[in-house]
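**Q** Here you go, one structure.
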Amino acid sequence: MSNFRSKIFMKNNIKVQRAIHNLTQEELANKIGVSRQTVNAIEADKYLPSLGLAFKIVRLFKLKVEEVFFYEEDKYEKDN
Amino acid sequence: MTNKKYRQLRVAVAVFVGTMVGLAISRDSYLLAGAGVLTGMVFMALVRSKAKITVDEREATVRAQAAQLTYAIFAPTIGIGAFLLYLFSSAQLAVVQQRYYYLESLGMVLAYITLFLIALYSISYHFLNRKYGGGGLDE
């Protein structure tokens with residue numbers, strides 16, 4: 001029986017979208033009502049935003065959630 | 001007022017209160033310490049009400065996890081400390097009982113603080129669990 005322990009990593013392309021829309025982290029942070037540190041943490045995949053904040057971000061870029069946020073399933077450890 | 005300005009003001013008030021309390025200790029004046037702390041509290045309350053400071057969600061998460069970690073470390077540490085103090089003071093050693101006569105009282109105080117902390121956590125958990133939809137009847 002193959003038994004993998006898997007972990008889901010959420011990824012995003014906010015940095016790319018920010019570059020396309022010519023926005024700095026500070027400007028994006030002000031537009032969505034969070035701190036610059038929060039934007040930085042989200043871009044670096046260190047903090048997972050709430051659903052509300054994710055919607056705010058994608059609406060600002062006029063995209064769908066799945067076009068900005070996506071998950072990668074990483075099978076990193078095999079039990080047997 | 002921006003968050004940055006608010007943080008700078010908070011540091012300035014903390015320095016002011018620290019200075020006042022330091023002065024009060026050096027002059028042995030409780031009144032000065034009380035006045036300093038009260039002034040700081042009133043000033044911060046006024047600034048907070050004017051500034052409409054919002055805590056962003058990452059900071060709220062950090063605060064929640066820090067509180068959780070603090071509880072997870074503090075409660076067992078203080079509980080075990082209280083138990084050890086009680087054991088130490090109840091040992092039938094005359095020397096220990098004469099020199100460290102206050103240990104039993106200290107152990108009792110720590111034990112009550114631990115109980116208070118656990119009770120407070122349980123009550124907070126109960127109310128927050130209800131607030132966020134837990135404990136409802138199944139359909």
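Lettering and numbering for the structure tokens are positional, with chains as A, B, ... in the shown order, residues counted from 1 in each chain, and ligands counted from 1 in the shown order.
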Show me, as a PyMOL selection string, the residues of chain A whose atoms get within 8 Å of chain B, using only C-alpha atoms for the distance check.

**A** chain A and resi 33-35+38+47+49-50

**Q** Skipping near chain neighbours, those fewer than 6 positions away, what residues fall within 12 Å of range 11-27 of chain B using only C-alpha atoms, listed as an NGL selection string?

**A** :B and (4-5 or 33-45 or 47)

**Q** Identify all residues of range 4-64 of chain A in helix (DSSP H, G or I) (DSSP on the backbone) and supply them as a VMD selection string.

**A** chain A and resid 14 to 20 25 to 32 36 to 43 51 to 60

**Q** Taking the DSSP assignment computed from this structure's backbone, write out as a PDB file with C-alpha atoms, in the first residue's frame all residues of chain A that belong to strand (DSSP E).

**A**
```pdb
ATOM      1  CA  PHE A   4       2.213   9.202   1.150  1.00  0.00           C
ATOM      2  CA  ARG A   5       1.972  12.006   3.642  1.00  0.00           C
ATOM      3  CA  SER A   6       1.286  15.068   1.581  1.00  0.00           C
ATOM      4  CA  LYS A   7       1.378  18.763   2.282  1.00  0.00           C
ATOM      5  CA  ILE A   8      -0.414  21.395   0.264  1.00  0.00           C
ATOM      6  CA  PHE A   9       1.514  24.545  -0.485  1.00  0.00           C
ATOM      7  CA  MET A  10      -0.439  27.562  -1.645  1.00  0.00           C
ATOM      8  CA  LYS A  11       1.370  29.600  -4.246  1.00  0.00           C
ATOM      9  CA  ASN A  12       0.497  32.892  -5.869  1.00  0.00           C
ATOM     10  CA  PHE A  69      -3.753  31.722  -6.159  1.00  0.00           C
ATOM     11  CA  PHE A  70      -3.098  28.040  -6.808  1.00  0.00           C
ATOM     12  CA  TYR A  71      -1.951  25.116  -4.768  1.00  0.00           C
ATOM     13  CA  GLU A  72       0.785  22.617  -5.272  1.00  0.00           C
ATOM     14  CA  GLU A  73       0.596  19.251  -3.620  1.00  0.00           C
ATOM     15  CA  ASP A  74       4.008  18.132  -2.614  1.00  0.00           C
ATOM     16  CA  LYS A  75       4.438  14.469  -1.766  1.00  0.00           C
ATOM     17  CA  TYR A  76       7.452  14.696   0.434  1.00  0.00           C
ATOM     18  CA  GLU A  77       7.433  11.772   2.731  1.00  0.00           C
ATOM     19  CA  LYS A  78       6.724   8.118   2.214  1.00  0.00           C
TER      20      LYS A  78
END
```

**Q** What does the structure give for the distance between CA of Gln68 in chain B and CA of Ile80 in chain B, in Å to one decimal?

**A**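 About the pair CA of Gln68 in chain B and CA of Ile80 in chain B: they are 18.5 Å apart.
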
**Q** Which distance in Å separates CA of Leu28 in chain A and CA of Phe61 in chain A, to one decimal?

**A**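 Calculated distance between CA of Leu28 in chain A and CA of Phe61 in chain A is 10.2 Å.
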